[in-house]
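*Asks:* Sharing a structure below in structure tokens format, with a few things to ask.
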Amino acid sequence: MFQYKIKKLEDILKLDLVKDKDASEIQTIWEQYHRNKHVISAIIPADQYAAIKEKMNKYPTFLFPLPRSQGYEFIMCQSYSHSIHFTPLLAFQVHKENAPECLTMVHYTELQHKDIVLMRGEYDKNVLTGQEAQCLANQFQMYYGGKDETKSQLLQTFTEHPDKFKHMDLVSQLENISL
């Protein structure tokens with residue numbers, strides 16, 4: 001079973017070695033470090049992360065559809081502090097808070113003074129591929145970091161009016177993404 005223990009940034013990145021680097025240099029180091037690892041990663045502008053964090057606090061639980069060969073699997077996300085924990089909805093319904101996570105994303109805010117927040121996501125390779133983990137991270141970014149009114153309304157409805165929430169609206173949003 002995948003159990004992710006949240007690592008401290010200092011266990012991943014030697015902070016004393018980047019204290020004199022600018023944001024673009026840190027981004028290059030972060031991307032190169034994670035390039036051939038079974039993790040997802042990103043650099044987020046600090047102001048954008050502030051907006052994401054605000055929505056994480058306001059809407060701590062949500063669902064995302066994950067395309068599968070036989071349709072869609074719904075993955076639940078739960079936000080705690082600076083981390084987001086993703087669990088297949090079916091597993092959560094059966095095991096509740098003991099359900100195994102399939103992806104855990106952590107936002108590291110130690111470098112906010114350089115106007116960046118580092119993100120790292122570790123996933124269970126028995127449940128998700130790297131591409132599927134990235135798909136979930138991208139959806140999270142679109143809903144929590146985007147300005148799309150429809151997506152904001154879905155977050156609000158899921159949290160405040162769950163009886164009016166329609167899962168298929170999420171699928172429609174995913175299918176309508178233009179890349």
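By convention here, the chains of the structure tokens are called A, B, ... in the order presented, each chain's residues are numbered starting at 1, and ligands are numbered starting at 1 in the order presented.
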Would you pick out the contacts of Glu175 in chain A at 12 Å or less, using only C-alpha atoms, so that residues sharing its chain but fewer than 3 positions from it are not included, and give the list as a PyMOL selection string?
*Replies:* chain A and resi 65-67+71-72+139+168-172+178-179
*Asks:* Considering only C-alpha atoms, return as a ChimeraX atom specification whatever protein or nucleic-acid residues lie within 12 Å of Ser152 in chain A, sequence-local ones (same chain, fewer than 2 positions apart) excluded.
*Replies:* /A:52,55-56,58-59,62,140-150,154-159,170,173
*Asks:* Would you pick out the contacts of Met76 in chain A at 7 Å or less, using only C-alpha atoms, so that residues sharing its chain but fewer than 2 positions from it are not included, and give the list as number ranges by chain?
*Replies:* A: 62-64, 74, 78, 86-89
*Asks:* Using only C-alpha atoms, which residues of range 85-175 of chain A come within 6 Å of range 22-44 of chain A, and what is the closest atom pair for each, with the distance in Å to one decimal? Give it as JSON lines, sorted by chain and residue number.
*Replies:*
{"residue": "A:Ile116", "atom": "CA", "partner": "A:Ile44", "partner_atom": "CA", "distance": 5.6}
{"residue": "A:Val117", "atom": "CA", "partner": "A:Ile44", "partner_atom": "CA", "distance": 5.1}
{"residue": "A:Leu118", "atom": "CA", "partner": "A:Ile43", "partner_atom": "CA", "distance": 4.8}
{"residue": "A:Met119", "atom": "CA", "partner": "A:Ala42", "partner_atom": "CA", "distance": 5.0}
{"residue": "A:Arg120", "atom": "CA", "partner": "A:Ser41", "partner_atom": "CA", "distance": 4.4}
{"residue": "A:Gly121", "atom": "CA", "partner": "A:Ile40", "partner_atom": "CA", "distance": 4.9}
{"residue": "A:Glu122", "atom": "CA", "partner": "A:Val39", "partner_atom": "CA", "distance": 4.9}
*Asks:* Residues of range 10-88 of chain A in strand (DSSP E or B) according to DSSP, as a PDB file with N, CA and C atoms, in the first residue's frame?
*Replies:*
ATOM      1  N   VAL A  39       7.983  11.154  -9.976  1.00  0.00           N
ATOM      2  CA  VAL A  39       7.244  12.187  -9.254  1.00  0.00           C
ATOM      3  C   VAL A  39       6.814  13.242 -10.268  1.00  0.00           C
ATOM      4  N   ILE A  40       5.881  14.079  -9.862  1.00  0.00           N
ATOM      5  CA  ILE A  40       5.545  15.253 -10.663  1.00  0.00           C
ATOM      6  C   ILE A  40       6.033  16.465  -9.877  1.00  0.00           C
ATOM      7  N   SER A  41       6.320  17.536 -10.575  1.00  0.00           N
ATOM      8  CA  SER A  41       6.809  18.732  -9.894  1.00  0.00           C
ATOM      9  C   SER A  41       6.432  19.968 -10.694  1.00  0.00           C
ATOM     10  N   ALA A  42       6.458  21.102 -10.002  1.00  0.00           N
ATOM     11  CA  ALA A  42       6.149  22.376 -10.656  1.00  0.00           C
ATOM     12  C   ALA A  42       6.691  23.513  -9.804  1.00  0.00           C
ATOM     13  N   ILE A  43       6.799  24.657 -10.439  1.00  0.00           N
ATOM     14  CA  ILE A  43       7.125  25.909  -9.763  1.00  0.00           C
ATOM     15  C   ILE A  43       5.908  26.805  -9.963  1.00  0.00           C
ATOM     16  N   ILE A  44       5.401  27.371  -8.890  1.00  0.00           N
ATOM     17  CA  ILE A  44       4.198  28.196  -8.958  1.00  0.00           C
ATOM     18  C   ILE A  44       4.550  29.597  -8.467  1.00  0.00           C
ATOM     19  N   PRO A  45       4.155  30.635  -9.204  1.00  0.00           N
ATOM     20  CA  PRO A  45       4.380  31.994  -8.697  1.00  0.00           C
ATOM     21  C   PRO A  45       3.687  32.156  -7.336  1.00  0.00           C
ATOM     22  N   THR A  61     -12.267  19.830  -0.013  1.00  0.00           N
ATOM     23  CA  THR A  61     -12.526  18.518  -0.614  1.00  0.00           C
ATOM     24  C   THR A  61     -13.173  18.718  -1.977  1.00  0.00           C
ATOM     25  N   PHE A  62     -12.742  17.900  -2.947  1.00  0.00           N
ATOM     26  CA  PHE A  62     -13.329  17.991  -4.281  1.00  0.00           C
ATOM     27  C   PHE A  62     -13.094  16.682  -5.015  1.00  0.00           C
ATOM     28  N   LEU A  63     -13.674  16.567  -6.184  1.00  0.00           N
ATOM     29  CA  LEU A  63     -13.529  15.380  -7.033  1.00  0.00           C
ATOM     30  C   LEU A  63     -12.968  15.774  -8.387  1.00  0.00           C
ATOM     31  N   PHE A  64     -12.214  14.849  -8.975  1.00  0.00           N
ATOM     32  CA  PHE A  64     -11.741  15.033 -10.342  1.00  0.00           C
ATOM     33  C   PHE A  64     -11.976  13.746 -11.114  1.00  0.00           C
ATOM     34  N   PRO A  65     -12.431  13.864 -12.367  1.00  0.00           N
ATOM     35  CA  PRO A  65     -12.569  12.666 -13.197  1.00  0.00           C
ATOM     36  C   PRO A  65     -11.217  12.319 -13.821  1.00  0.00           C
ATOM     37  N   LEU A  66     -10.902  11.050 -13.814  1.00  0.00           N
ATOM     38  CA  LEU A  66      -9.658  10.585 -14.425  1.00  0.00           C
ATOM     39  C   LEU A  66     -10.025   9.662 -15.576  1.00  0.00           C
ATOM     40  N   PRO A  67      -9.659  10.028 -16.816  1.00  0.00           N
ATOM     41  CA  PRO A  67      -9.993   9.165 -17.955  1.00  0.00           C
ATOM     42  C   PRO A  67      -9.356   7.784 -17.798  1.00  0.00           C
ATOM     43  N   ARG A  68     -10.165   6.763 -17.986  1.00  0.00           N
ATOM     44  CA  ARG A  68      -9.708   5.369 -17.954  1.00  0.00           C
ATOM     45  C   ARG A  68     -10.223   4.692 -19.220  1.00  0.00           C
ATOM     46  N   GLY A  71     -14.091   4.453 -19.356  1.00  0.00           N
ATOM     47  CA  GLY A  71     -14.838   5.635 -18.923  1.00  0.00           C
ATOM     48  C   GLY A  71     -14.003   6.504 -18.005  1.00  0.00           C
ATOM     49  N   TYR A  72     -14.575   6.877 -16.874  1.00  0.00           N
ATOM     50  CA  TYR A  72     -13.891   7.759 -15.930  1.00  0.00           C
ATOM     51  C   TYR A  72     -13.907   7.160 -14.533  1.00  0.00           C
ATOM     52  N   GLU A  73     -12.810   7.374 -13.818  1.00  0.00           N
ATOM     53  CA  GLU A  73     -12.754   7.035 -12.403  1.00  0.00           C
ATOM     54  C   GLU A  73     -12.697   8.360 -11.656  1.00  0.00           C
ATOM     55  N   PHE A  74     -13.498   8.484 -10.619  1.00  0.00           N
ATOM     56  CA  PHE A  74     -13.476   9.718  -9.844  1.00  0.00           C
ATOM     57  C   PHE A  74     -12.461   9.605  -8.719  1.00  0.00           C
ATOM     58  N   ILE A  75     -11.648  10.642  -8.615  1.00  0.00           N
ATOM     59  CA  ILE A  75     -10.597  10.712  -7.607  1.00  0.00           C
ATOM     60  C   ILE A  75     -10.926  11.886  -6.683  1.00  0.00           C
ATOM     61  N   MET A  76     -10.970  11.606  -5.405  1.00  0.00           N
ATOM     62  CA  MET A  76     -11.267  12.639  -4.422  1.00  0.00           C
ATOM     63  C   MET A  76      -9.967  13.290  -3.960  1.00  0.00           C
ATOM     64  N   CYS A  77      -9.995  14.595  -3.799  1.00  0.00           N
ATOM     65  CA  CYS A  77      -8.828  15.271  -3.227  1.00  0.00           C
ATOM     66  C   CYS A  77      -9.249  15.950  -1.933  1.00  0.00           C
ATOM     67  N   GLN A  78      -8.325  15.924  -0.980  1.00  0.00           N
ATOM     68  CA  GLN A  78      -8.533  16.581   0.304  1.00  0.00           C
ATOM     69  C   GLN A  78      -7.300  17.426   0.595  1.00  0.00           C
ATOM     70  N   SER A  79      -7.537  18.678   0.944  1.00  0.00           N
ATOM     71  CA  SER A  79      -6.445  19.611   1.222  1.00  0.00           C
ATOM     72  C   SER A  79      -6.239  19.746   2.723  1.00  0.00           C
ATOM     73  N   TYR A  80      -4.987  19.667   3.124  1.00  0.00           N
ATOM     74  CA  TYR A  80      -4.596  19.893   4.510  1.00  0.00           C
ATOM     75  C   TYR A  80      -3.348  20.760   4.486  1.00  0.00           C
ATOM     76  N   SER A  83      -0.688  20.602   1.651  1.00  0.00           N
ATOM     77  CA  SER A  83      -0.661  19.340   0.906  1.00  0.00           C
ATOM     78  C   SER A  83      -2.055  18.975   0.412  1.00  0.00           C
ATOM     79  N   ILE A  84      -2.074  18.204  -0.666  1.00  0.00           N
ATOM     80  CA  ILE A  84      -3.318  17.722  -1.252  1.00  0.00           C
ATOM     81  C   ILE A  84      -3.183  16.220  -1.406  1.00  0.00           C
ATOM     82  N   HIS A  85      -4.169  15.510  -0.896  1.00  0.00           N
ATOM     83  CA  HIS A  85      -4.141  14.050  -0.895  1.00  0.00           C
ATOM     84  C   HIS A  85      -5.251  13.542  -1.812  1.00  0.00           C
ATOM     85  N   PHE A  86      -4.870  12.733  -2.796  1.00  0.00           N
ATOM     86  CA  PHE A  86      -5.807  12.197  -3.779  1.00  0.00           C
ATOM     87  C   PHE A  86      -6.049  10.716  -3.496  1.00  0.00           C
ATOM     88  N   THR A  87      -7.311  10.324  -3.515  1.00  0.00           N
ATOM     89  CA  THR A  87      -7.712   8.949  -3.232  1.00  0.00           C
ATOM     90  C   THR A  87      -8.818   8.562  -4.203  1.00  0.00           C
ATOM     91  N   PRO A  88      -8.767   7.360  -4.785  1.00  0.00           N
ATOM     92  CA  PRO A  88      -9.902   6.931  -5.601  1.00  0.00           C
ATOM     93  C   PRO A  88     -11.184   6.989  -4.763  1.00  0.00           C
TER      94      PRO A  88
END
